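Asker: Have a peek at run-v9.cif (mmCIF, C-alpha atoms).
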```cif
data_run
#
loop_
_atom_site.label_atom_id
_atom_site.label_comp_id
_atom_site.auth_asym_id
_atom_site.auth_seq_id
_atom_site.Cartn_x
_atom_site.Cartn_y
_atom_site.Cartn_z
CA MET A 1 -29.84 -32.19 -13.95
CA GLU A 2 -29.41 -29.09 -11.76
CA ASN A 3 -31.00 -26.88 -14.43
CA PHE A 4 -33.93 -29.28 -14.73
CA LEU A 5 -34.46 -29.28 -10.96
CA ASP A 6 -34.32 -25.49 -10.84
CA LEU A 7 -37.12 -25.25 -13.39
CA ASN A 8 -39.33 -27.28 -11.06
CA MET A 9 -38.69 -24.90 -8.17
CA ASN A 10 -40.13 -21.43 -7.61
CA ILE A 11 -38.70 -18.47 -5.71
CA LEU A 12 -40.73 -15.73 -4.01
CA LYS A 13 -38.71 -12.59 -3.37
CA GLY A 14 -39.58 -9.99 -0.75
CA ARG A 15 -39.21 -9.24 2.95
CA ILE A 16 -39.48 -12.54 4.82
CA PHE A 17 -41.20 -12.59 8.21
CA SER A 18 -42.02 -15.67 10.27
CA PHE A 19 -42.11 -16.59 13.95
CA LEU A 20 -39.71 -19.15 15.40
CA LYS A 21 -41.24 -19.23 18.89
CA ARG A 22 -43.72 -17.34 21.03
CA PRO A 23 -42.41 -13.81 21.71
CA GLU A 24 -41.71 -13.01 25.35
CA ASP A 25 -42.42 -9.30 24.80
CA ILE A 26 -42.41 -6.64 22.08
CA SER A 27 -38.60 -6.42 22.10
CA ASP A 28 -38.01 -10.17 21.64
CA LEU A 29 -36.04 -10.08 18.38
CA GLU A 30 -35.08 -13.76 18.78
CA SER A 31 -38.70 -14.86 18.42
CA PHE A 32 -38.91 -14.26 14.68
CA LEU A 33 -37.06 -14.54 11.38
CA TYR A 34 -36.84 -11.31 9.38
CA ILE A 35 -34.89 -11.06 6.11
CA GLU A 36 -35.00 -7.64 4.46
CA ASP A 37 -34.11 -8.93 0.98
CA GLY A 38 -35.13 -12.55 1.26
CA GLY A 39 -36.43 -15.43 -0.74
CA ILE A 40 -38.42 -18.63 -0.32
CA LEU A 41 -37.80 -21.61 -2.58
CA PHE A 42 -40.54 -24.23 -2.91
CA ASP A 43 -41.04 -27.24 -5.15
CA GLU A 44 -43.75 -28.19 -7.64
CA ILE A 45 -46.00 -29.70 -4.95
CA GLY A 46 -45.75 -26.62 -2.74
CA ILE A 47 -43.26 -27.73 -0.08
CA ILE A 48 -40.76 -25.16 1.16
CA LYS A 49 -37.18 -26.20 0.43
CA GLU A 50 -35.12 -23.17 1.45
CA VAL A 51 -35.56 -19.78 3.16
CA ASP A 52 -32.57 -17.46 2.82
CA GLU A 53 -31.17 -14.19 1.56
CA TYR A 54 -32.40 -13.74 -1.99
CA SER A 55 -28.88 -13.39 -3.42
CA ALA A 56 -27.81 -16.69 -1.88
CA LEU A 57 -30.92 -18.48 -3.14
CA ARG A 58 -30.45 -17.05 -6.62
CA SER A 59 -26.84 -18.13 -6.82
CA ARG A 60 -27.79 -21.70 -5.88
CA HIS A 61 -30.84 -21.81 -8.16
CA PRO A 62 -30.12 -19.53 -11.13
CA ASN A 63 -32.81 -20.99 -13.39
CA SER A 64 -35.76 -21.08 -10.96
CA PRO A 65 -38.69 -18.82 -11.90
CA ILE A 66 -39.05 -15.77 -9.62
CA SER A 67 -42.07 -13.85 -8.34
CA ASP A 68 -40.79 -10.51 -7.04
CA PHE A 69 -43.01 -8.83 -4.42
CA GLY A 70 -40.64 -5.92 -3.87
CA SER A 71 -40.84 -4.44 -0.37
CA ASN A 72 -43.97 -6.37 0.63
CA LEU A 73 -43.88 -8.82 3.53
CA ILE A 74 -43.99 -12.55 2.81
CA CYS A 75 -45.51 -14.30 5.85
CA PRO A 76 -47.17 -17.59 6.74
CA GLY A 77 -50.86 -17.67 5.87
CA PHE A 78 -53.34 -16.84 8.62
CA ILE A 79 -55.02 -19.72 10.44
CA ASP A 80 -58.65 -19.31 11.55
CA VAL A 81 -59.41 -21.72 14.39
CA HIS A 82 -63.18 -21.19 14.69
CA ASN A 83 -65.87 -20.13 12.21
CA HIS A 84 -69.25 -21.21 10.88
CA PHE A 85 -69.60 -22.09 7.21
CA PRO A 86 -73.45 -21.82 7.15
CA GLN A 87 -73.50 -18.34 8.71
CA THR A 88 -71.98 -16.21 5.95
CA GLN A 89 -75.36 -14.64 5.16
CA VAL A 90 -76.23 -13.83 8.77
CA ILE A 91 -73.25 -11.55 9.35
CA ALA A 92 -74.50 -8.08 10.33
CA SER A 93 -77.86 -9.25 11.69
CA TYR A 94 -79.24 -6.63 14.05
CA GLY A 95 -80.26 -6.48 17.66
CA ALA A 96 -79.80 -9.77 19.51
CA GLN A 97 -77.54 -11.48 22.01
CA LEU A 98 -76.41 -15.07 21.67
CA LEU A 99 -79.49 -17.23 22.33
CA ASP A 100 -81.93 -14.89 20.57
CA TRP A 101 -79.46 -14.46 17.72
CA LEU A 102 -79.29 -18.23 17.20
CA ASN A 103 -83.07 -18.62 17.15
CA LYS A 104 -83.84 -15.53 15.10
CA TYR A 105 -81.10 -15.70 12.48
CA THR A 106 -78.75 -18.67 12.68
CA PHE A 107 -81.01 -21.70 12.88
CA PRO A 108 -83.34 -20.56 10.04
CA ASN A 109 -80.34 -19.93 7.80
CA GLU A 110 -78.67 -23.24 8.67
CA SER A 111 -81.86 -25.10 7.71
CA LEU A 112 -81.17 -24.12 4.08
CA PHE A 113 -78.07 -26.33 4.03
CA ILE A 114 -80.10 -29.47 3.46
CA ASP A 115 -79.94 -28.50 -0.22
CA GLU A 116 -76.77 -29.62 -2.06
CA ASN A 117 -76.85 -26.83 -4.65
CA HIS A 118 -77.13 -24.22 -1.92
CA CYS A 119 -74.19 -25.84 -0.10
CA LYS A 120 -72.04 -25.80 -3.23
CA LYS A 121 -72.74 -22.14 -3.90
CA GLU A 122 -72.08 -21.13 -0.31
CA ALA A 123 -68.92 -23.25 -0.03
CA LYS A 124 -67.34 -21.36 -2.94
CA VAL A 125 -68.31 -17.99 -1.47
CA PHE A 126 -67.11 -18.96 2.01
CA LEU A 127 -63.69 -20.20 0.93
CA ASP A 128 -63.26 -17.30 -1.49
CA LEU A 129 -63.84 -14.89 1.40
CA LEU A 130 -61.40 -16.70 3.69
CA ILE A 131 -58.69 -16.83 1.04
CA SER A 132 -59.11 -13.22 -0.09
CA ASN A 133 -58.46 -12.23 3.53
CA GLY A 134 -55.27 -14.27 3.75
CA ILE A 135 -56.71 -17.23 5.66
CA THR A 136 -55.10 -20.37 4.27
CA SER A 137 -56.23 -22.84 6.98
CA SER A 138 -59.65 -22.98 8.59
CA VAL A 139 -61.48 -24.82 11.38
CA SER A 140 -65.18 -24.69 10.52
CA PHE A 141 -68.60 -25.77 11.70
CA GLY A 142 -70.99 -27.14 9.08
CA SER A 143 -74.72 -27.47 9.72
CA VAL A 144 -76.38 -30.66 10.99
CA HIS A 145 -76.79 -31.78 7.38
CA PRO A 146 -73.96 -34.10 6.27
CA ILE A 147 -74.06 -32.62 2.77
CA SER A 148 -72.99 -29.25 4.18
CA VAL A 149 -69.63 -30.46 5.48
CA GLU A 150 -69.08 -32.91 2.63
CA THR A 151 -69.55 -30.09 0.12
CA LEU A 152 -67.17 -27.86 2.08
CA PHE A 153 -64.54 -30.61 2.20
CA ALA A 154 -64.90 -31.19 -1.54
CA GLU A 155 -64.42 -27.49 -2.33
CA ALA A 156 -61.42 -27.26 0.02
CA LYS A 157 -59.83 -30.31 -1.58
CA LYS A 158 -60.14 -28.71 -5.02
CA ARG A 159 -58.10 -25.81 -3.65
CA ASN A 160 -55.63 -28.04 -1.77
CA MET A 161 -56.61 -26.09 1.35
CA ASN A 162 -56.03 -27.23 4.91
CA LEU A 163 -59.54 -27.59 6.39
CA ILE A 164 -60.73 -29.04 9.69
CA ALA A 165 -64.53 -29.30 9.80
CA GLY A 166 -67.48 -31.26 11.09
CA ASN A 167 -71.23 -31.61 10.79
CA VAL A 168 -72.95 -30.09 13.82
CA LEU A 169 -74.48 -32.48 16.37
CA MET A 170 -77.79 -31.13 17.75
CA ASP A 171 -80.92 -32.91 18.97
CA ARG A 172 -82.86 -30.41 21.12
CA ASN A 173 -83.74 -26.76 21.78
CA ALA A 174 -83.82 -25.74 18.12
CA PRO A 175 -86.26 -26.05 15.18
CA LYS A 176 -86.86 -29.60 13.89
CA ASP A 177 -85.13 -28.98 10.57
CA VAL A 178 -81.78 -28.43 12.29
CA LEU A 179 -82.00 -31.41 14.67
CA ILE A 180 -80.84 -34.99 14.10
CA PRO A 181 -81.38 -37.86 16.59
CA PRO A 182 -78.27 -39.25 18.31
CA LYS A 183 -78.14 -42.62 16.54
CA GLU A 184 -78.51 -41.03 13.11
CA SER A 185 -75.86 -38.43 13.97
CA TYR A 186 -73.46 -41.19 14.93
CA GLU A 187 -73.99 -43.20 11.75
CA LYS A 188 -73.75 -40.21 9.41
CA SER A 189 -70.70 -38.81 11.17
CA LYS A 190 -68.89 -42.15 10.89
CA LYS A 191 -69.44 -42.16 7.14
CA ILE A 192 -68.08 -38.63 6.78
CA ILE A 193 -65.02 -39.52 8.86
CA GLU A 194 -64.34 -42.61 6.73
CA LYS A 195 -64.63 -40.61 3.51
CA TRP A 196 -62.99 -37.30 4.41
CA HIS A 197 -60.69 -37.48 7.42
CA GLY A 198 -57.19 -37.50 5.96
CA ASN A 199 -58.50 -37.05 2.40
CA GLY A 200 -56.06 -34.55 0.92
CA ARG A 201 -55.59 -31.86 3.57
CA CYS A 202 -59.07 -32.39 5.05
CA LYS A 203 -59.47 -33.38 8.69
CA TYR A 204 -62.62 -34.09 10.69
CA ALA A 205 -63.76 -32.47 13.93
CA VAL A 206 -66.48 -33.99 16.11
CA THR A 207 -68.82 -31.00 16.53
CA PRO A 208 -71.43 -30.94 19.31
CA ARG A 209 -72.67 -27.36 19.02
CA PHE A 210 -72.93 -26.85 22.76
CA ALA A 211 -74.56 -28.46 25.77
CA ILE A 212 -77.86 -26.57 25.35
CA THR A 213 -78.59 -28.32 22.04
CA SER A 214 -77.24 -31.70 23.18
CA THR A 215 -79.12 -34.30 25.21
CA PRO A 216 -77.03 -36.63 27.39
CA GLU A 217 -77.56 -39.27 24.68
CA LEU A 218 -76.03 -36.99 22.06
CA MET A 219 -73.12 -36.20 24.36
CA GLU A 220 -72.53 -39.95 24.57
CA VAL A 221 -72.49 -40.07 20.77
CA SER A 222 -69.89 -37.27 20.74
CA GLN A 223 -67.85 -39.22 23.28
CA SER A 224 -67.98 -42.38 21.16
CA LEU A 225 -67.02 -40.60 17.95
CA PHE A 226 -64.12 -38.81 19.65
CA ASP A 227 -62.89 -41.95 21.41
CA GLU A 228 -63.10 -44.13 18.31
CA ASN A 229 -61.34 -41.61 16.06
CA LYS A 230 -58.39 -40.38 18.08
CA SER A 231 -56.75 -38.42 15.27
CA CYS A 232 -59.89 -36.28 14.84
CA TYR A 233 -60.44 -32.96 16.57
CA LEU A 234 -63.35 -31.88 18.75
CA GLN A 235 -64.85 -28.39 18.52
CA THR A 236 -67.63 -26.84 20.58
CA HIS A 237 -68.61 -23.68 22.48
CA LEU A 238 -67.99 -22.86 26.12
CA SER A 239 -69.08 -20.04 28.45
CA GLU A 240 -69.79 -17.44 25.80
CA ASN A 241 -72.76 -15.73 27.40
CA LEU A 242 -74.11 -15.52 30.97
CA ASP A 243 -77.65 -16.55 29.97
CA GLU A 244 -76.16 -19.47 28.04
CA ILE A 245 -74.34 -20.64 31.17
CA LYS A 246 -77.49 -20.41 33.32
CA THR A 247 -79.53 -22.34 30.74
CA THR A 248 -76.82 -24.99 30.41
CA LEU A 249 -76.67 -25.63 34.16
CA ARG A 250 -80.47 -25.88 34.35
CA LEU A 251 -80.31 -28.60 31.71
CA TYR A 252 -77.43 -30.37 33.49
CA PRO A 253 -78.24 -29.72 37.17
CA ASP A 254 -75.88 -32.38 38.49
CA ASN A 255 -72.83 -30.66 37.06
CA LYS A 256 -70.95 -28.06 39.08
CA ASN A 257 -69.99 -25.91 36.08
CA TYR A 258 -70.24 -25.75 32.29
CA LEU A 259 -66.89 -27.38 31.50
CA SER A 260 -67.57 -30.31 33.81
CA ILE A 261 -70.25 -31.46 31.34
CA TYR A 262 -67.68 -31.88 28.57
CA ASP A 263 -65.28 -33.43 31.03
CA LYS A 264 -67.89 -35.97 32.14
CA TYR A 265 -68.14 -37.21 28.55
CA LYS A 266 -64.34 -37.24 28.10
CA LEU A 267 -64.36 -34.56 25.42
CA LEU A 268 -61.35 -32.62 26.72
CA SER A 269 -57.89 -33.18 25.21
CA ASP A 270 -55.10 -31.45 23.34
CA LYS A 271 -57.30 -31.72 20.21
CA THR A 272 -60.29 -29.97 21.82
CA LEU A 273 -61.15 -26.43 20.71
CA LEU A 274 -63.34 -24.49 23.16
CA ALA A 275 -64.69 -21.41 21.41
CA HIS A 276 -65.15 -18.24 23.49
CA SER A 277 -64.19 -19.47 27.00
CA ILE A 278 -65.00 -16.04 28.48
CA HIS A 279 -66.75 -16.55 31.81
CA LEU A 280 -64.58 -19.28 33.31
CA GLU A 281 -64.45 -20.36 36.92
CA THR A 282 -61.13 -21.19 38.60
CA ASP A 283 -61.85 -24.93 38.45
CA GLU A 284 -62.57 -24.65 34.73
CA ILE A 285 -59.28 -22.87 34.06
CA GLU A 286 -57.43 -25.61 35.93
CA LYS A 287 -59.24 -28.33 33.98
CA ILE A 288 -58.46 -26.69 30.61
CA LYS A 289 -54.82 -26.54 31.65
CA ASP A 290 -54.73 -30.14 32.93
CA THR A 291 -56.27 -31.52 29.72
CA ASN A 292 -54.22 -29.23 27.43
CA SER A 293 -57.41 -28.11 25.71
CA VAL A 294 -57.49 -24.88 23.70
CA ALA A 295 -59.41 -21.72 24.65
CA VAL A 296 -60.33 -19.95 21.40
CA HIS A 297 -60.77 -16.17 21.41
CA CYS A 298 -63.51 -14.75 19.13
CA PRO A 299 -63.14 -10.95 19.60
CA THR A 300 -65.45 -9.49 16.94
CA SER A 301 -68.23 -11.92 17.83
CA ASN A 302 -67.88 -11.31 21.57
CA LEU A 303 -68.15 -7.56 21.08
CA PHE A 304 -70.93 -7.72 18.48
CA LEU A 305 -73.16 -10.00 20.58
CA GLY A 306 -72.22 -8.28 23.84
CA SER A 307 -70.98 -11.56 25.29
CA GLY A 308 -68.01 -10.41 27.36
CA LEU A 309 -64.23 -9.94 27.34
CA PHE A 310 -61.72 -12.76 26.85
CA LYS A 311 -59.23 -12.81 29.73
CA PHE A 312 -56.06 -13.40 27.71
CA GLU A 313 -53.63 -12.17 30.37
CA GLU A 314 -55.13 -14.41 33.08
CA LEU A 315 -55.22 -17.46 30.81
CA SER A 316 -51.63 -16.88 29.68
CA ARG A 317 -50.52 -16.51 33.29
CA ASN A 318 -52.11 -19.92 33.96
CA ASN A 319 -50.33 -21.47 30.94
CA ILE A 320 -53.59 -22.06 29.06
CA LYS A 321 -53.15 -22.76 25.36
CA THR A 322 -55.10 -20.14 23.40
CA ALA A 323 -55.98 -19.49 19.76
CA ILE A 324 -57.72 -16.69 17.85
CA SER A 325 -60.53 -16.79 15.32
CA THR A 326 -62.92 -14.73 13.21
CA ASP A 327 -66.04 -16.68 14.34
CA VAL A 328 -68.04 -15.56 11.31
CA GLY A 329 -71.06 -15.07 11.26
CA GLY A 330 -71.35 -13.93 14.89
CA GLY A 331 -67.97 -12.44 14.11
CA THR A 332 -68.25 -9.41 11.87
CA SER A 333 -65.32 -9.86 9.47
CA PHE A 334 -63.44 -12.53 7.54
CA SER A 335 -60.31 -10.41 7.97
CA MET A 336 -57.74 -11.69 10.47
CA LEU A 337 -56.27 -8.17 10.52
CA ARG A 338 -59.61 -6.74 11.68
CA THR A 339 -59.88 -9.60 14.18
CA LEU A 340 -56.45 -8.80 15.66
CA ASP A 341 -57.43 -5.14 15.91
CA GLU A 342 -60.53 -6.02 17.93
CA ALA A 343 -58.53 -8.43 20.10
CA TYR A 344 -56.20 -5.56 20.98
CA LYS A 345 -59.18 -3.41 22.01
CA VAL A 346 -60.69 -6.22 24.10
CA GLN A 347 -57.46 -6.38 26.11
CA GLN A 348 -57.19 -2.58 26.34
CA LEU A 349 -60.58 -2.57 28.05
CA GLN A 350 -59.03 -4.80 30.71
CA GLY A 351 -55.91 -2.70 31.19
CA PHE A 352 -53.59 -4.93 29.18
CA SER A 353 -51.79 -3.95 25.94
CA LEU A 354 -51.55 -6.92 23.60
CA ASN A 355 -48.36 -6.35 21.62
CA PRO A 356 -48.31 -6.86 17.83
CA LEU A 357 -45.71 -9.63 17.97
CA GLU A 358 -48.05 -11.65 20.20
CA SER A 359 -50.98 -10.87 17.86
CA PHE A 360 -49.27 -12.03 14.67
CA TYR A 361 -47.75 -15.02 16.44
CA TRP A 362 -51.28 -15.94 17.55
CA ALA A 363 -52.68 -15.82 14.01
CA THR A 364 -49.86 -17.90 12.51
CA LEU A 365 -47.50 -20.15 14.47
CA GLY A 366 -49.55 -19.87 17.69
CA ASN A 367 -52.70 -21.17 16.04
CA ALA A 368 -50.69 -23.86 14.23
CA ARG A 369 -49.28 -25.05 17.56
CA ALA A 370 -52.75 -25.01 19.11
CA LEU A 371 -53.79 -27.43 16.35
CA GLY A 372 -50.62 -29.51 16.63
CA LEU A 373 -49.79 -28.67 13.00
CA ASP A 374 -46.71 -26.46 13.41
CA ASN A 375 -44.60 -28.90 11.38
CA GLU A 376 -46.92 -28.27 8.43
CA ILE A 377 -48.27 -24.72 8.59
CA GLY A 378 -47.84 -21.39 10.39
CA ILE A 379 -44.08 -21.09 9.89
CA LEU A 380 -41.71 -20.54 6.96
CA LYS A 381 -39.18 -23.35 7.18
CA PRO A 382 -38.05 -26.25 4.99
CA GLY A 383 -40.50 -29.13 4.98
CA CYS A 384 -43.57 -27.01 5.65
CA VAL A 385 -46.32 -26.35 3.11
CA ALA A 386 -45.96 -23.09 1.17
CA ASP A 387 -49.18 -21.57 2.55
CA LEU A 388 -48.11 -17.94 2.34
CA ILE A 389 -49.52 -14.43 2.20
CA ILE A 390 -48.11 -11.22 0.78
CA LEU A 391 -48.83 -8.21 3.01
CA ASN A 392 -48.74 -4.66 1.63
CA SER A 393 -48.38 -2.25 4.54
CA SER A 394 -49.05 0.74 2.26
CA SER A 395 -52.19 -0.61 0.62
CA THR A 396 -54.39 2.39 1.49
CA LYS A 397 -53.71 6.11 1.53
CA ILE A 398 -53.72 6.38 5.33
CA MET A 399 -51.50 3.30 5.69
CA SER A 400 -49.01 4.65 3.17
CA HIS A 401 -48.96 8.01 4.94
CA ARG A 402 -48.53 6.38 8.35
CA MET A 403 -45.75 4.08 7.08
CA GLU A 404 -43.59 7.13 6.30
CA LYS A 405 -42.97 7.36 10.06
CA CYS A 406 -42.56 3.61 10.65
CA LYS A 407 -39.16 2.57 12.04
CA THR A 408 -39.48 -1.10 13.14
CA ILE A 409 -41.11 -4.34 12.04
CA GLN A 410 -43.13 -4.34 15.28
CA GLU A 411 -44.54 -0.92 14.44
CA GLU A 412 -45.33 -2.06 10.91
CA LEU A 413 -47.26 -5.08 12.19
CA PHE A 414 -49.31 -2.85 14.46
CA ILE A 415 -50.11 -0.53 11.54
CA LEU A 416 -51.22 -3.55 9.51
CA GLN A 417 -53.53 -4.87 12.23
CA THR A 418 -54.95 -1.45 13.14
CA LEU A 419 -55.48 0.02 9.67
CA GLY A 420 -55.33 -3.02 7.39
CA ASP A 421 -58.07 -5.12 5.83
CA GLU A 422 -58.54 -7.28 2.73
CA ARG A 423 -56.79 -4.63 0.62
CA ALA A 424 -53.52 -5.31 2.45
CA ILE A 425 -53.52 -8.93 1.22
CA GLU A 426 -51.53 -8.63 -1.99
CA GLY A 427 -51.29 -12.36 -2.68
CA VAL A 428 -52.30 -15.70 -1.16
CA PHE A 429 -50.41 -18.91 -1.87
CA ILE A 430 -51.87 -22.30 -0.96
CA ALA A 431 -49.34 -25.10 -1.41
CA GLY A 432 -47.33 -22.80 -3.66
CA GLU A 433 -50.19 -21.68 -5.91
CA ASN A 434 -51.17 -17.99 -5.93
CA VAL A 435 -54.88 -18.52 -5.47
CA LYS A 436 -55.84 -14.92 -4.82
CA ALA A 437 -54.39 -13.84 -8.15
CA ALA A 438 -56.25 -16.74 -9.79
#
```
What is this file in structure tokens?

Answerer:
Amino acid sequence: MENFLDLNMNILKGRIFSFLKRPEDISDLESFLYIEDGGILFDEIGIIKEVDEYSALRSRHPNSPISDFGSNLICPGFIDVHNHFPQTQVIASYGAQLLDWLNKYTFPNESLFIDENHCKKEAKVFLDLLISNGITSSVSFGSVHPISVETLFAEAKKRNMNLIAGNVLMDRNAPKDVLIPPKESYEKSKKIIEKWHGNGRCKYAVTPRFAITSTPELMEVSQSLFDENKSCYLQTHLSENLDEIKTTLRLYPDNKNYLSIYDKYKLLSDKTLLAHSIHLETDEIEKIKDTNSVAVHCPTSNLFLGSGLFKFEELSRNNIKTAISTDVGGGTSFSMLRTLDEAYKVQQLQGFSLNPLESFYWATLGNARALGLDNEIGILKPGCVADLIILNSSSTKIMSHRMEKCKTIQEELFILQTLGDERAIEGVFIAGENVKAA
């Protein structure tokens, strides 16, 4: 019986690295698990059973198949907490800030997602790009068209991928072909929730784009959907751009600040993801804290569109829950490593050095905790899903040369985030299956 069980288990061998808690500083060795010659045992459905020294695992499971990744790091897969599925083909669009960028590039491209064949093609490309960059869980906007998010869910389910997504709710201040009236949005969203929320690893997020494209009637629809489906998430944008804030308050003149609009419609909770959250007033910071909502940092997008600098140190000091994301296509890369590099630079511009333990915690266990999914993803421990990545810190000539001087795991992580990209992702496992190799 033991031999039979072993044959249904798999062992990955390599250097094991995973966070146990948020690091207090760069010298916090108690915040992570690091096993120089380690192994991970998982079963046929991709659930981690044991994490230990390789020799100990091998002695207990002598017949289990082994994948040996040598000196490469085996880590939890990256988690991307904010991106836009319909914007893959508007990455690297020149010369606009947020509102002009939406009108010139984003809305015309999103109008194409009324077509099912286009959605299917783009869903494969989108998820391929996420996975090839080591992102094993994603929180994504669709377009207003229900077929866009249904197609994305279907493609994610094929891959057994953890996906949180929603069709965008918009009914004003955009071209007609990307607007849907409130009542229709409500009815179509309900059908998607019934079909896809909890289907495999798919989860639904109520998705009002932002207050500018939402009438009060549509905000009421968002409120109803969120209130009626309490296990769903809510994702939107907040205080990304100064012109955006001015326009928002002109449209909602009775509200004292941007966040108070979402608060009025009871959209703030521990399942609410507020992308950008750059230009926040003191009252808004307090409200985010009181409601346990999540401020999501989008560094490459904020720099590319000239939006502003995320105040990580201030938000952390105020015990605000934060997450990090690629925000493609305003964001300029699907790579979480490139995203972490830009996040470091954003903080450097504000006189704060974001240490690499904090960065990698953010992209793994930190983002999992922000989503309330840290018993499933973001950490290597028994009972969690084997969503894993293999990181090669010597994947390019300059990285290999630099690694000759590397003395600590903290230094290695910083080399990975500063010099690494898709080439550093040696393998990607989703629920135990090496999908990058496939």

Asker: When the PyMOL selection byres ((chain A and resi 161-166) around 6) is applied to the file above, which residues end up in the set, as a PDB file with C-alpha atoms, in the coordinates of the input?

Answerer:
```pdb
ATOM      1  CA  SER A 137     -56.230 -22.840   6.980  1.00  0.00           C
ATOM      2  CA  SER A 138     -59.650 -22.980   8.590  1.00  0.00           C
ATOM      3  CA  VAL A 139     -61.480 -24.820  11.380  1.00  0.00           C
ATOM      4  CA  SER A 140     -65.180 -24.690  10.520  1.00  0.00           C
ATOM      5  CA  PHE A 141     -68.600 -25.770  11.700  1.00  0.00           C
ATOM      6  CA  GLY A 142     -70.990 -27.140   9.080  1.00  0.00           C
ATOM      7  CA  ALA A 156     -61.420 -27.260   0.020  1.00  0.00           C
ATOM      8  CA  ARG A 159     -58.100 -25.810  -3.650  1.00  0.00           C
ATOM      9  CA  ASN A 160     -55.630 -28.040  -1.770  1.00  0.00           C
ATOM     10  CA  ASN A 167     -71.230 -31.610  10.790  1.00  0.00           C
ATOM     11  CA  ARG A 201     -55.590 -31.860   3.570  1.00  0.00           C
ATOM     12  CA  CYS A 202     -59.070 -32.390   5.050  1.00  0.00           C
ATOM     13  CA  LYS A 203     -59.470 -33.380   8.690  1.00  0.00           C
ATOM     14  CA  TYR A 204     -62.620 -34.090  10.690  1.00  0.00           C
ATOM     15  CA  ALA A 205     -63.760 -32.470  13.930  1.00  0.00           C
ATOM     16  CA  VAL A 206     -66.480 -33.990  16.110  1.00  0.00           C
ATOM     17  CA  THR A 207     -68.820 -31.000  16.530  1.00  0.00           C
TER      18      THR A 207
END
```

Asker: Which residues would end up in the selection if the PyMOL selection byres ((chain A and resi 130) around 10) were applied here, given that I need the answer as number ranges by chain?

Answerer: A: 78-80, 125-129, 131-138, 326, 333-336, 422

Asker: Quote the spacing between atom CA of Ser214 of chain A and atom CA of Glu194 of chain A in Å to one decimal place.

Answerer: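 Taking atom CA of Ser214 of chain A as the start and atom CA of Glu194 of chain A as the end point, the length is 23.6 Å.
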
Asker: Any idea what's packed within 9 Å of Thr106 of chain A, counting all atoms listed in the file, ignoring anything in its chain fewer than 3 positions away? Could you give it as a PyMOL selection string?

Answerer: chain A and resi 86-87+90+101-103+109-111+329

Asker: Using only C-alpha atoms, which of the listed residues (A:Met9, A:Leu225, A:Ile415, A:Leu33) sits closest to Ser400 of chain A?

Answerer: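 Looking at the shortest contact to Ser400 of chain A, the residue is A:Ile415.
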
Asker: Need the shell around Ile261 of chain A: protein/DNA/RNA residues with any atom at most 10 Å away, counting all atoms listed in the file. Skip same-chain ones fewer than 6 positions apart. Format as JSON, numbers by chain?

Answerer: {"A": [211, 216, 219, 248, 249, 252, 254, 255, 267]}

Asker: Could you expand the PyMOL selection byres ((chain A and resi 273) around 6) into the explicit residues it covers here, written as a list of chain:residue names?

Answerer: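 In the shown coordinates, the PyMOL selection byres ((chain A and resi 273) around 6) covers A:Gln235, A:Thr272, A:Leu274, A:Val294.
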
Asker: Which is closer to His84 of chain A than all the others in A:Gly432, A:Pro356, A:Gly351, A:Gly331, using only C-alpha atoms?

Answerer: A:Gly331

Asker: Between A:Lys271, A:Lys321, A:Lys124, A:Lys176, which one has atoms that come closest to Ile285 of chain A, using only C-alpha atoms?

Answerer: A:Lys321

Asker: Would you compute the distance between atom CA of Glu244 of chain A and atom CA of Leu259 of chain A? Give it in Å to one decimal.

Answerer: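 Atom-to-atom, atom CA of Glu244 of chain A and atom CA of Leu259 of chain A are spaced 12.7 Å apart.
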
Asker: Within 12 Å of Pro146 of chain A, counting all atoms listed in the file, which residues qualify if same-chain residues fewer than 5 places away don't, as a short mmCIF file (atom, residue, chain, number, x, y, z; two decimals) with C-alpha atoms, in the coordinates of the input?

Answerer:
```cif
data_model
loop_
_atom_site.label_atom_id
_atom_site.label_comp_id
_atom_site.auth_asym_id
_atom_site.auth_seq_id
_atom_site.Cartn_x
_atom_site.Cartn_y
_atom_site.Cartn_z
CA PHE A 113 -78.07 -26.33 4.03
CA ILE A 114 -80.10 -29.47 3.46
CA ASP A 115 -79.94 -28.50 -0.22
CA GLU A 116 -76.77 -29.62 -2.06
CA CYS A 119 -74.19 -25.84 -0.10
CA PHE A 141 -68.60 -25.77 11.70
CA THR A 151 -69.55 -30.09 0.12
CA LEU A 152 -67.17 -27.86 2.08
CA PHE A 153 -64.54 -30.61 2.20
CA ALA A 165 -64.53 -29.30 9.80
CA GLY A 166 -67.48 -31.26 11.09
CA ASN A 167 -71.23 -31.61 10.79
CA VAL A 168 -72.95 -30.09 13.82
CA LEU A 169 -74.48 -32.48 16.37
CA VAL A 178 -81.78 -28.43 12.29
CA LEU A 179 -82.00 -31.41 14.67
CA ILE A 180 -80.84 -34.99 14.10
CA GLU A 184 -78.51 -41.03 13.11
CA SER A 185 -75.86 -38.43 13.97
CA TYR A 186 -73.46 -41.19 14.93
CA GLU A 187 -73.99 -43.20 11.75
CA LYS A 188 -73.75 -40.21 9.41
CA SER A 189 -70.70 -38.81 11.17
CA LYS A 190 -68.89 -42.15 10.89
CA LYS A 191 -69.44 -42.16 7.14
CA ILE A 192 -68.08 -38.63 6.78
CA ILE A 193 -65.02 -39.52 8.86
CA LYS A 195 -64.63 -40.61 3.51
CA TRP A 196 -62.99 -37.30 4.41
CA THR A 207 -68.82 -31.00 16.53
#
```

Asker: Atom CA of Glu50 of chain A and atom CA of Thr364 of chain A are how many Å apart?

Answerer: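 Those two atoms sit 19.2 Å apart.
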